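Have a look at the structure below, then the notes.
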Number of protein chains: 2
Amino acid sequence: MMATGWSLAAPGIWRMSLQAAKGITPLSFMKAQPRETALKQMPDVQPPFDWEQVHIEEIRDGLIVSFPLTTAEKLYGTGLQLMRMNQRGRTRYLRVNSDPKQDTGETHAPVPFYASDRGYGVLVDTSRIVTMHCGSTLELADTCPEHVRDRNTDAGWTATPRAARVELRLPSEGADVYVFGGPSLGDVVARYNLFCGGGVLPPKWGLGFWHRVPTLYTDEQVLDEAEQFRVRGIPCDVIGLEPGWHSQSYPVSYEWEASRFPSPGTFVQQLRAKGMRVNLWEHPFVSPNSKSYEKLRPYAGSHTVWGGIAPDYAMAEAVEQYKHVHETEHVNLGVSGYKLDECDGSELTRNSWMFPAHAKFPSGLDGEQMRQLYGLMFQKMTSDLYRSKNQRTYGLVRASGAAASTMPYVLYSDLYDHKQFVRALCNASFSGLLWTPEVRRAVSAEDWVRRMQTVCFSSLAMLNAWGDGTKPWSYPEVESIVRHYIELRMRLLPYLYTVFAAYRETGIPPFRAMPLVMSPAEIAAAEGHLAEFEQEVLNTTDAAYGKKTVREWDDQYMMGDSLLIAPLVAGETERDVLLPAGVWYGLETGRRYEGGRIVLIHAGLESMPIFVRSGSVIPMMPSLLHVPESGSPVPLTFVHFGEEAGEGTLYDDDGETFAYEEGACSWWKARVTRQPDGSYAGELFGDNQAVPQSYSTISWKFAQTRL
Amino acid sequence: MMATGWSLAAPGIWRMSLQAAKGITPLSFMKAQPRETALKQMPDVQPPFDWEQVHIEEIRDGLIVSFPLTTAEKLYGTGLQLMRMNQRGRTRYLRVNSDPKQDTGETHAPVPFYASDRGYGVLVDTSRIVTMHCGSTLELADTCPEHVRDRNTDAGWTATPRAARVELRLPSEGADVYVFGGPSLGDVVARYNLFCGGGVLPPKWGLGFWHRVPTLYTDEQVLDEAEQFRVRGIPCDVIGLEPGWHSQSYPVSYEWEASRFPSPGTFVQQLRAKGMRVNLWEHPFVSPNSKSYEKLRPYAGSHTVWGGIAPDYAMAEAVEQYKHVHETEHVNLGVSGYKLDECDGSELTRNSWMFPAHAKFPSGLDGEQMRQLYGLMFQKMTSDLYRSKNQRTYGLVRASGAAASTMPYVLYSDLYDHKQFVRALCNASFSGLLWTPEVRRAVSAEDWVRRMQTVCFSSLAMLNAWGDGTKPWSYPEVESIVRHYIELRMRLLPYLYTVFAAYRETGIPPFRAMPLVMSPAEIAAAEGHLAEFEQEVLNTTDAAYGKKTVREWDDQYMMGDSLLIAPLVAGETERDVLLPAGVWYGLETGRRYEGGRIVLIHAGLESMPIFVRSGSVIPMMPSLLHVPESGSPVPLTFVHFGEEAGEGTLYDDDGETFAYEEGACSWWKARVTRQPDGSYAGELFGDNQAVPQSYSTISWKFAQTRL
């Protein structure tokens with residue numbers, strides 16, 4: 001295999017081709033179009049190592065590419081990891097898997113991209129499984145006396161090596177390897193996203209509240225439940241239908257079940273009249289009892305799943321068939337999007353299900369590749385379909401991978417640990433992914449509230465009642481708290497939409513783990529004396545290989561530049577929060593905090609710790625029962641926090657079509673200045689329009705300390 | 001790759017060679033010598049399928065060999081599986097792993113051998129990881145209408161396919177594939193064991209009670225603790241030392257730490273004078289501070305573990321160095337054997353540690369192969385060393401694989417779920433492995449007793465107090481119960497030793513899962529109306545892919561032909577027991593049970609459910625503080641149970657050397673007949689000696705219903 005050497009692929013991004021033959025990869029399949037203009041505006045940069053320090057070694061069935069690692073370096077990313085944030089010391093086996101219950105690297109959305117807090121990142125662009133030894137290995141040549149410690153007597157002994165290199169195992173046919181420059185970790189991730197085409201801008205309605213109904217509900221039951229939201233005055237923008245809408249499911253038909261949905265077009269319009277859109281669940285495996293079966297049968301893989309065929313969507317003909325049935329049966333009826341389930345597969349649960357890695361597909365892909373790509377394929381097919389109608393979609397997907405940042409899809413999981421769900425929200429931000437910590441049920445009213453609070457501050461605020469039949473009002477004693485947070489999300493919609501628009505333009509993710517906004521030095525300074533977070537226990541049955549407690553701040557995150565979210569989970573009434581430098585206010589308490597340190601926050605059930613940066617100017621709107629349609633403007637208020645002058649941004653467009661790509665959109669700066677008399681003034685600077693189209697009036701609130 | 005076609009490898013065993021080049025494999029490395037004579041005495045047999053039904057297919061990086069599967073067929077084996085007994089429906093990824101916390105197939109001792117209850121077995125002999133799709137896949141060509149069910153409405157839907165074939169993924173260089181005939185499942189397993197050289201016969205002292213002391217104990221502390229056993233009158237044959245005996249550990253030195261063991265030879269002899277042997281813990285990774293380092297350094301692999309080198313024991317020179325240091329430093333001092341830890345490796349715990357799969361070794365093996373073989377290598381090196389001294393050893397190992405049945409080693413794990421430990425005891429029996437459900441600590445006195453009861457009916461009865469400092473008397477309120485079961489094990493030693501001798505001769509494992517002793521029809525008949533054991537739950541968050549409760553009888557087992565052990569775990573006071581046909585007695589209660597059905601047993605803490613088959617004749621001895629030495633004969637009693645005539649067996653030899661391989665051993669039949677007057681008579685028929693050398697007197701007890 002020939003190494004091409006490193007060449008510049010885009011500003012601050014270098015590529016080395018290490019492959020025998022050009023095959024289908026995430027970057028090529030997704031037709032990633034780097035956003036060159038935005039990349040050119042980023043700082044000039046070089047990687048923090050010499051190219052000679054990158055080693056390439058052939059092995060029996062692949063290649064090892066390795067990068068130097070410094071002692072304190074932390075490594076983030078590798079996709080939707082639920083079990084930890086810093087991947088240093090771990091071997092990541094990056095296979096798509098629907099049951100990421102163990103810390104192997106397998107996940108719904110593995111991404112062979114890691115980002116170092118030294119300010120660089122590495123991507124392997126391949127359709128195959130990559131193993132990333134993220135500092136979990138140590139070569140004999142790199143082994144020094146300080147690596148050798150006596151566990152018998154040395155309390156500093158650890159089971160994981162102080163590795164000198166990251167070793168990446170590429171598949172036998174090789175791959176392209178990319179290095180992304182910084183200088184900061186946030187810049188590395190922004191570059192990765194921009195290289196993949198930038199972040200997605202969802203339709204506005206996608207940022208409202210979502211509710212999925214029980215799987216066997218009929219049209220009348222769905223309409224009744226939708227009406228309950230309106231009667232109770234609880235916002236809802238999207239109703240999701242689960243497997244029961246199919247005439248057959250597991251495997252699926254993609255056809256409406258006539259006994260439950262005799263008139264699907266009417267049903268969709270009836271919900272639309274209530275201001276609600278319909279989202280349809282589906283999975284990849286097509287039933288012989290579906291009309292699509294005979295048409296897709298020629299493109300079927302060698303193995304079935306639940307008796308259904310697994311079509312090969314690397315074949316253009318199969319894609320056309322899929323799009324045709326979705327367009328005529330759903331999209332033309334007004335369906336707004338999909339929940340793309342089970343494109344992941346599992347060998348880990350009580351039940352094994354998926355075509356095997358050796359399955360054969362007509363395009364020449366095998367089962368390993370198809371499984372790694374399947375989630376991307378369904379995302380791309382459906383988003384291309386909606387794009388062809390000049391209509392934005394937003395939906396859910398259970399499998400994803402590299403180069404997915406442009407996709408209007410949010411990941412979810414059948415797992416349900418609340419802390420893991422918050423960690424996933426943090427970790428998704430390192431890999432161009434979005435995540436919803438969906439709420440399904442609760443063990444108590446407290447659990448219900450805490451989960452609802454979290455999901456309202458995520459990419460997709462959803463109650464998924466498919467199996468449990470829960471409603472936002474399922475715990476009457478806390479209904480008002482739940483309603484409050486759903487309404488707060490609605491009020492913040494202009495801010496959140498702007499945050500997503502920035503994702504599209506700059507590659508900076510809407511929800512951000514703390515290492516993306518604070519440097520290692522800033523985090524260390526804020527932690528100060530809290531070195532006791534690190535404790536090693538050794539030589540007990542409970543900790544046979546040691547048990548180190550390291551605080552990773554994987555339980556809090558930024559939503560945009562101004563808001564810091566620090567969820568609590570059931571059982572907690574207080575928590576530590578890492579605040580970046582500056583002055584912060586409790587968004588709902590008005591309490592003032594000096595940042596650049598760790599603060600202990602007490603919060604009753606009615607209160608979720610949210611912090612707003614002093615000087616922020618946040619665009620807000622009234623809480624409505626659903627996101628306003630294009631052409632129905634609503635009042636907008638810029639809320640300014642703290643005593644100093646400040647500036648916010650507002651983005652606006654029609655919220656539904658792709659006209660913004662042709663320039664039908666605007667950015668405003670909302671600048672608050674302090675007058676000599678101590679009063680404040682607000683001014684809006686737009687780039688091409690006087691008044692944002694979605695808003696009827698503009699008002700200002702100055703020097704607030706709370707909402 | 002050329003398939004050779006099937007040829008007879010031994011009676012009832014067929015081989016097909018599917019490999020590019022002959023490399024190191026478990027069968028070749030272990031130098032497995034099939035026990036032809038015993039195999040010839042087994043029934044003539046053919047596999048229950050046509051050879052044409054075995055398919056071979058080339059894939060990109062390997063071969064798929066597949067076997068037909070019938071609807072009701074169950075598949076057992078694949079090594080030390082802790083999570084389930086019937087592997088049907090699962091994809092088994094057979095990598096050595098020290099943290100088998102999830103049901104992936106990875107385990108300390110993966111064995112690419114499965115045995116079907118249709119009466120055949122399949123082995124893949126390779127040093128690489130094999131993936132066995134044990135009915136977890138379904139080809140399109142095999143998919144029929146009955147595979148397609150509508151989960152929306154059909155309560156019989158299941159997530160796992162009703163597969164038509166087992167698909168085995170061989171590595172790219174291929175492998176030899178073996179088919180083992182039956183006719184019964186027990187015969188299949190016996191053939192596998194005999195083909196691998198037969199079962200191991202441990203030294204008698206190995207079957208006594210073992211105690212491992214805290215890791216940093218000094219010689220004096222060890223001697224004090226040993227004396228406590230003698231003072232309290234609790235049997236103990238072996239004292240195990242943990243990492244602290246090394247001058248350095250993690251990585252290890254193989255040298256005694258002078259501050260804790262200033263005079264190791266004296267120390268070993270002092271314990272020996274108390275009737276106790278010494279077992280030494282070690283692992284593979286050699287410290288630069290060890291004298292062995294420079295000698296082993298030329299044979300080191302490319303990667304270190306905990307700073308220590310991983311020597312390549314496929315190199316004869318490395319083996320010689322290893323043997324030399326072990327012989328001179330330990331064996332010549334009287335050390336009886338080893339606990340071979342951490343030859344497995346993990347990426348699954350909080351800590352990743354092991355050389356990677358791409359590590360390179362001087363012999364040409366890579367890290368994948370070395371990890372798959374490492375456990376076998378250490379077993380073979382140490383057992384060869386003891387054999388060269390005409391001295392049997394018995395010890396512990398944490399990794400094993402195929403062709404291990406001749407090895408004097410018992411597997412253990414850092415996991416600690418009591419039910420999983422019992423299941424492992426059952427499952428080990430399908431794959432030529434031995435297992436100890438070692439006791440380390442307990443959450444309560446009840447837990448302590450239940451675990452102690454189980455371990456006393458396993459291949460190695462051990463308390464491992466390395467990290468917790470527990471003693472058999474740690475819970476004074478239950479000390480008498482614990483003592484009772486340790487003593488019961490000592491009393492049963494002549495029986496247990498005979499059971500192991502039968503393992504050696506016939507390949508029938510000493511501890512046997514129920515499917516090895518009852519046919520599918522017998523189990524089904526006994527279960528009778530209990531079809532309600534199978535319950536499918538669907539469409540809830542808790543059971544997104546269904547939750548089927550199937551009783552597999554993976555919590556009870558036979559010890560030899562006569563005793564059925566049905567452990568309870570903490571929290572249980574009753575349980576169902578599957579009894580084979582015939583009459584059974586509660587060994588300690590004397591209650592009579594009709595077999596061929598399921599009985600509900602209530603058992604207080606002082607009582608472990610053990611059943612003895614009516615007609616059994618069990619050789620027993622007094623409970624001693626340790627197993628008697630060769631030349632110190634003790635009284636023997638044959639205990640006959642029930643009303644009918646019966647027959648038992650007794651095996652005897654010197655208990656310590658390999659003289660038995662040269663014929664210095666004997667088998668007796670102990671026959672009990674009923675006289676016309678209703679009384680009983682016992683008679684001993686020996687094959688070459690009048691009186692077993694280990695026993696001073698022979699007595700009989702007839703028509704007992706309990707001990």
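Ligands are numbered from 1 in the order shown, residues from 1 within each chain, and chains are lettered A, B, ... in the order they appear in the structure tokens.
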Legend entry - Test item: residues at most 8 Å from Val617 of chain A, only C-alpha atoms, excluding those fewer than 4 positions along its chain, as a list in words: Phe638, Val639, His640, Phe641, Gly646, Glu647, Gly648, Thr649, Ala670, Arg671 and Val672 of chain A
May I have the selected residues written with C-alpha atoms, as a PDB file, in the first residue's frame?
```
ATOM      1  CA  PHE A 638     -34.299  40.619  23.364  1.00  0.00           C
ATOM      2  CA  VAL A 639     -33.486  39.884  26.970  1.00  0.00           C
ATOM      3  CA  HIS A 640     -30.220  41.352  28.149  1.00  0.00           C
ATOM      4  CA  PHE A 641     -28.587  39.949  31.296  1.00  0.00           C
ATOM      5  CA  GLY A 646     -23.409  43.043  25.436  1.00  0.00           C
ATOM      6  CA  GLU A 647     -24.339  41.619  22.107  1.00  0.00           C
ATOM      7  CA  GLY A 648     -26.539  38.812  20.900  1.00  0.00           C
ATOM      8  CA  THR A 649     -27.335  37.407  17.490  1.00  0.00           C
ATOM      9  CA  ALA A 670     -28.642  42.827  18.877  1.00  0.00           C
ATOM     10  CA  ARG A 671     -26.354  45.257  20.641  1.00  0.00           C
ATOM     11  CA  VAL A 672     -27.010  46.567  24.128  1.00  0.00           C
TER      12      VAL A 672
END
```
I'd like the contact shell of Ser696 of chain A - 9 Å cut-off, only C-alpha atoms, skipping same-chain residues fewer than 5 positions apart - returned as a PDB file with N, CA and C atoms, in the first residue's frame.
```
ATOM      1  N   SER A 632     -46.765  34.013   9.869  1.00  0.00           N
ATOM      2  CA  SER A 632     -47.547  34.354  11.070  1.00  0.00           C
ATOM      3  C   SER A 632     -46.602  34.926  12.114  1.00  0.00           C
ATOM      4  N   PRO A 633     -46.210  36.173  11.942  1.00  0.00           N
ATOM      5  CA  PRO A 633     -45.185  36.718  12.830  1.00  0.00           C
ATOM      6  C   PRO A 633     -45.672  36.871  14.270  1.00  0.00           C
ATOM      7  N   VAL A 634     -44.745  36.751  15.188  1.00  0.00           N
ATOM      8  CA  VAL A 634     -45.032  36.850  16.626  1.00  0.00           C
ATOM      9  C   VAL A 634     -44.072  37.867  17.238  1.00  0.00           C
ATOM     10  N   PRO A 635     -44.386  38.384  18.413  1.00  0.00           N
ATOM     11  CA  PRO A 635     -43.499  39.368  19.039  1.00  0.00           C
ATOM     12  C   PRO A 635     -42.165  38.745  19.461  1.00  0.00           C
ATOM     13  N   LEU A 636     -41.133  39.551  19.367  1.00  0.00           N
ATOM     14  CA  LEU A 636     -39.806  39.096  19.777  1.00  0.00           C
ATOM     15  C   LEU A 636     -39.272  40.025  20.870  1.00  0.00           C
ATOM     16  N   VAL A 691     -36.397  44.150   9.332  1.00  0.00           N
ATOM     17  CA  VAL A 691     -37.109  43.448  10.404  1.00  0.00           C
ATOM     18  C   VAL A 691     -37.129  41.958  10.090  1.00  0.00           C
TER      19      VAL A 691
END
```
Inset, instruction - Report as a PyMOL selection string the set of chain B residues whose atoms approach chain A to within 7 Å, with distances computed over only C-alpha atoms. - result: chain B and resi 59+89-91+102-104+136-140+143+147-148+150-152+159-161+244+248-250+302-304+306-307+347-348+351-353+355-356+358+467-468+539-541
Inset, instruction - Give the alpha helix (DSSP H) residues of segment 185-384 of chain B, as DSSP finds them on the backbone, and put them as number ranges by chain. - result: B: 185-195, 219-232, 264-273, 291-296, 316-329, 367-384
For the selection you just gave me, I'd like the residues written to a file as a tab-separated table (two decimals), in the first residue's frame, keeping C-alpha atoms.
```tsv
chain	number	residue	atom	x	y	z
B	185	LEU	CA	-24.81	-35.06	23.41
B	186	GLY	CA	-22.81	-36.65	26.21
B	187	ASP	CA	-21.07	-38.86	23.66
B	188	VAL	CA	-20.22	-35.84	21.49
B	189	VAL	CA	-18.53	-34.11	24.40
B	190	ALA	CA	-16.76	-37.30	25.51
B	191	ARG	CA	-15.43	-37.76	21.96
B	192	TYR	CA	-14.20	-34.16	21.91
B	193	ASN	CA	-12.38	-34.67	25.21
B	194	LEU	CA	-10.91	-38.02	24.18
B	195	PHE	CA	-9.76	-36.53	20.89
B	219	ASP	CA	5.58	-15.56	55.64
B	220	GLU	CA	4.70	-15.25	59.32
B	221	GLN	CA	1.22	-14.02	58.62
B	222	VAL	CA	0.68	-16.88	56.22
B	223	LEU	CA	1.94	-19.43	58.74
B	224	ASP	CA	-0.29	-17.91	61.43
B	225	GLU	CA	-3.31	-18.11	59.21
B	226	ALA	CA	-2.46	-21.69	58.21
B	227	GLU	CA	-2.18	-22.59	61.87
B	228	GLN	CA	-5.63	-21.12	62.48
B	229	PHE	CA	-7.07	-23.70	60.10
B	230	ARG	CA	-5.43	-26.47	62.07
B	231	VAL	CA	-6.44	-25.03	65.46
B	232	ARG	CA	-10.03	-24.64	64.33
B	264	PRO	CA	11.08	-19.15	50.91
B	265	GLY	CA	12.36	-22.72	50.98
B	266	THR	CA	11.94	-22.89	54.74
B	267	PHE	CA	8.54	-21.28	54.49
B	268	VAL	CA	7.32	-23.85	51.97
B	269	GLN	CA	8.58	-26.68	54.16
B	270	GLN	CA	6.94	-25.20	57.26
B	271	LEU	CA	3.60	-25.22	55.48
B	272	ARG	CA	4.27	-28.70	54.16
B	273	ALA	CA	4.82	-29.85	57.73
B	291	LYS	CA	16.53	-11.25	36.59
B	292	SER	CA	14.44	-13.03	33.93
B	293	TYR	CA	14.02	-9.83	31.96
B	294	GLU	CA	17.29	-9.82	30.08
B	295	LYS	CA	16.95	-13.50	29.27
B	296	LEU	CA	13.40	-13.15	27.98
B	316	ALA	CA	11.41	-22.85	22.52
B	317	GLU	CA	14.18	-20.66	23.98
B	318	ALA	CA	11.67	-18.50	25.83
B	319	VAL	CA	9.94	-21.59	27.17
B	320	GLU	CA	13.27	-22.89	28.45
B	321	GLN	CA	13.99	-19.61	30.24
B	322	TYR	CA	10.53	-19.57	31.78
B	323	LYS	CA	10.81	-23.18	32.92
B	324	HIS	CA	14.28	-22.65	34.28
B	325	VAL	CA	13.36	-19.78	36.57
B	326	HIS	CA	10.20	-21.55	37.72
B	327	GLU	CA	12.01	-24.78	38.40
B	328	THR	CA	14.89	-23.26	40.32
B	329	GLU	CA	13.00	-20.54	42.17
B	367	GLY	CA	-1.27	-10.20	19.12
B	368	GLU	CA	-4.61	-11.74	18.20
B	369	GLN	CA	-3.11	-15.22	18.06
B	370	MET	CA	-0.92	-14.75	21.13
B	371	ARG	CA	-3.88	-13.61	23.21
B	372	GLN	CA	-5.99	-16.55	22.02
B	373	LEU	CA	-3.15	-18.96	22.87
B	374	TYR	CA	-1.53	-17.36	25.93
B	375	GLY	CA	-3.62	-19.21	28.52
B	376	LEU	CA	-2.88	-22.54	26.84
B	377	MET	CA	0.83	-21.70	26.67
B	378	PHE	CA	1.19	-21.07	30.39
B	379	GLN	CA	-0.83	-24.16	31.23
B	380	LYS	CA	1.33	-26.30	29.00
B	381	MET	CA	4.69	-24.87	30.14
B	382	THR	CA	3.95	-25.36	33.80
B	383	SER	CA	2.33	-28.76	33.46
B	384	ASP	CA	5.24	-29.97	31.30
```
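Between atom CA of Ala703 of chain A and atom CA of Ala581 of chain A lies a distance of 19.3 Å.
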Legend entry - Residues flagged strand (DSSP E or B) by DSSP in segment 484-637 of chain A, as a PyMOL selection string: chain A and resi 511-513+535-537+540+543+547-549+557-559+563-565+574-579+583-586+592-594+597-602+610-613+617-620+634-637
Give me a file of those residues, with C-alpha atoms, as a PDB file, in the first residue's frame.
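What landed in out_19.pdb:
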```
ATOM      1  CA  PHE A 511     -25.045  21.795  22.301  1.00  0.00           C
ATOM      2  CA  ARG A 512     -21.425  21.755  23.490  1.00  0.00           C
ATOM      3  CA  ALA A 513     -19.480  19.701  25.957  1.00  0.00           C
ATOM      4  CA  GLN A 535      -8.878   8.828  43.794  1.00  0.00           C
ATOM      5  CA  GLU A 536      -7.311   5.506  43.109  1.00  0.00           C
ATOM      6  CA  VAL A 537      -8.479   2.434  44.991  1.00  0.00           C
ATOM      7  CA  THR A 540      -9.826  -5.039  46.647  1.00  0.00           C
ATOM      8  CA  ALA A 543     -11.440  -2.708  42.356  1.00  0.00           C
ATOM      9  CA  LYS A 547     -11.060   2.328  40.430  1.00  0.00           C
ATOM     10  CA  LYS A 548     -10.300   5.900  39.634  1.00  0.00           C
ATOM     11  CA  THR A 549     -12.891   8.571  40.096  1.00  0.00           C
ATOM     12  CA  TYR A 557     -23.148  21.529  28.596  1.00  0.00           C
ATOM     13  CA  MET A 558     -23.632  24.809  26.793  1.00  0.00           C
ATOM     14  CA  MET A 559     -26.647  25.523  24.607  1.00  0.00           C
ATOM     15  CA  LEU A 563     -26.660  29.298  28.344  1.00  0.00           C
ATOM     16  CA  LEU A 564     -25.056  26.620  30.468  1.00  0.00           C
ATOM     17  CA  ILE A 565     -27.273  23.664  31.350  1.00  0.00           C
ATOM     18  CA  GLU A 574     -27.490  19.640  44.544  1.00  0.00           C
ATOM     19  CA  ARG A 575     -24.528  19.335  42.233  1.00  0.00           C
ATOM     20  CA  ASP A 576     -21.204  20.865  41.323  1.00  0.00           C
ATOM     21  CA  VAL A 577     -21.170  23.030  38.238  1.00  0.00           C
ATOM     22  CA  LEU A 578     -18.062  24.056  36.320  1.00  0.00           C
ATOM     23  CA  LEU A 579     -18.589  27.685  35.296  1.00  0.00           C
ATOM     24  CA  VAL A 583     -20.124  36.509  35.652  1.00  0.00           C
ATOM     25  CA  TRP A 584     -23.127  34.182  35.416  1.00  0.00           C
ATOM     26  CA  TYR A 585     -26.725  34.375  36.621  1.00  0.00           C
ATOM     27  CA  GLY A 586     -29.094  31.601  37.478  1.00  0.00           C
ATOM     28  CA  ARG A 592     -25.109  35.873  40.617  1.00  0.00           C
ATOM     29  CA  TYR A 593     -22.025  33.644  40.300  1.00  0.00           C
ATOM     30  CA  GLU A 594     -18.393  34.399  39.649  1.00  0.00           C
ATOM     31  CA  ARG A 597     -14.561  28.064  39.267  1.00  0.00           C
ATOM     32  CA  ILE A 598     -16.762  25.285  40.497  1.00  0.00           C
ATOM     33  CA  VAL A 599     -19.954  26.216  42.302  1.00  0.00           C
ATOM     34  CA  LEU A 600     -22.227  23.998  44.342  1.00  0.00           C
ATOM     35  CA  ILE A 601     -25.847  24.448  43.287  1.00  0.00           C
ATOM     36  CA  HIS A 602     -28.894  23.410  45.283  1.00  0.00           C
ATOM     37  CA  ILE A 610     -29.459  26.913  33.936  1.00  0.00           C
ATOM     38  CA  PHE A 611     -26.923  29.709  33.874  1.00  0.00           C
ATOM     39  CA  VAL A 612     -26.809  32.725  31.604  1.00  0.00           C
ATOM     40  CA  ARG A 613     -23.599  34.564  30.874  1.00  0.00           C
ATOM     41  CA  VAL A 617     -28.635  39.192  24.760  1.00  0.00           C
ATOM     42  CA  ILE A 618     -31.116  36.377  24.201  1.00  0.00           C
ATOM     43  CA  PRO A 619     -33.906  36.565  21.617  1.00  0.00           C
ATOM     44  CA  MET A 620     -37.145  35.110  22.969  1.00  0.00           C
ATOM     45  CA  VAL A 634     -45.032  36.850  16.626  1.00  0.00           C
ATOM     46  CA  PRO A 635     -43.499  39.368  19.039  1.00  0.00           C
ATOM     47  CA  LEU A 636     -39.806  39.096  19.777  1.00  0.00           C
ATOM     48  CA  THR A 637     -38.024  40.244  22.926  1.00  0.00           C
TER      49      THR A 637
END
```
All residues 12 Å or closer to Ala570 of chain B, only C-alpha atoms, same chain fewer than 6 positions away omitted, as a compact mmCIF listing (two decimals) with N, CA, C and O atoms, in the first residue's frame:
```txt
# COMPACT_ATOMS: atom_id res chain seq x y z
N ASP B 417 -21.03 -12.94 40.19
CA ASP B 417 -22.44 -13.26 40.33
C ASP B 417 -22.60 -14.76 40.61
O ASP B 417 -22.12 -15.59 39.84
N HIS B 418 -23.25 -15.08 41.70
CA HIS B 418 -23.32 -16.49 42.11
C HIS B 418 -24.04 -17.35 41.08
O HIS B 418 -23.60 -18.45 40.74
N LYS B 419 -25.13 -16.85 40.53
CA LYS B 419 -25.87 -17.64 39.52
C LYS B 419 -25.02 -17.84 38.26
O LYS B 419 -25.02 -18.92 37.67
N ALA B 442 -18.75 -11.88 50.93
CA ALA B 442 -20.19 -12.08 50.88
C ALA B 442 -20.87 -10.82 51.35
O ALA B 442 -20.28 -9.99 52.05
N VAL B 443 -22.11 -10.66 50.95
CA VAL B 443 -22.87 -9.50 51.43
C VAL B 443 -23.60 -9.85 52.73
O VAL B 443 -24.13 -8.97 53.39
N SER B 444 -23.62 -11.12 53.08
CA SER B 444 -24.32 -11.55 54.29
C SER B 444 -23.86 -12.95 54.63
O SER B 444 -23.25 -13.64 53.81
N ALA B 445 -24.17 -13.39 55.83
CA ALA B 445 -23.85 -14.75 56.23
C ALA B 445 -24.55 -15.75 55.32
O ALA B 445 -23.99 -16.80 54.97
N GLU B 446 -25.76 -15.41 54.92
CA GLU B 446 -26.49 -16.30 54.02
C GLU B 446 -25.74 -16.46 52.69
O GLU B 446 -25.55 -17.57 52.19
N ASP B 447 -25.32 -15.33 52.13
CA ASP B 447 -24.57 -15.34 50.87
C ASP B 447 -23.29 -16.17 51.04
O ASP B 447 -22.92 -16.97 50.17
N TRP B 448 -22.65 -15.99 52.17
CA TRP B 448 -21.41 -16.72 52.48
C TRP B 448 -21.65 -18.22 52.44
O TRP B 448 -20.90 -18.97 51.78
N VAL B 449 -22.68 -18.66 53.11
CA VAL B 449 -22.97 -20.09 53.17
C VAL B 449 -23.30 -20.63 51.79
O VAL B 449 -22.78 -21.67 51.36
N ARG B 450 -24.16 -19.91 51.07
CA ARG B 450 -24.60 -20.43 49.77
C ARG B 450 -23.43 -20.55 48.80
O ARG B 450 -23.33 -21.51 48.03
N ARG B 451 -22.53 -19.57 48.83
CA ARG B 451 -21.36 -19.63 47.95
C ARG B 451 -20.41 -20.76 48.39
O ARG B 451 -19.85 -21.48 47.55
N MET B 452 -20.24 -20.90 49.70
CA MET B 452 -19.36 -21.98 50.19
C MET B 452 -19.93 -23.34 49.84
O MET B 452 -19.18 -24.26 49.47
N GLN B 453 -21.24 -23.49 49.93
CA GLN B 453 -21.85 -24.77 49.56
C GLN B 453 -21.55 -25.09 48.10
O GLN B 453 -21.15 -26.21 47.75
N THR B 454 -21.72 -24.11 47.23
CA THR B 454 -21.49 -24.35 45.80
C THR B 454 -20.04 -24.74 45.53
O THR B 454 -19.76 -25.72 44.84
N ALA B 603 -35.21 -25.61 51.17
CA ALA B 603 -33.94 -25.91 51.85
C ALA B 603 -33.51 -24.71 52.67
O ALA B 603 -33.28 -23.63 52.14
N GLY B 604 -33.42 -24.91 53.96
CA GLY B 604 -32.90 -23.88 54.85
C GLY B 604 -31.42 -23.68 54.60
O GLY B 604 -30.78 -24.42 53.85
N LEU B 605 -30.88 -22.66 55.27
CA LEU B 605 -29.50 -22.28 55.03
C LEU B 605 -28.53 -23.42 55.32
O LEU B 605 -27.50 -23.57 54.66
N MET B 608 -27.94 -27.81 51.64
CA MET B 608 -27.80 -27.63 50.20
C MET B 608 -28.48 -28.82 49.53
O MET B 608 -28.22 -29.96 49.90
```
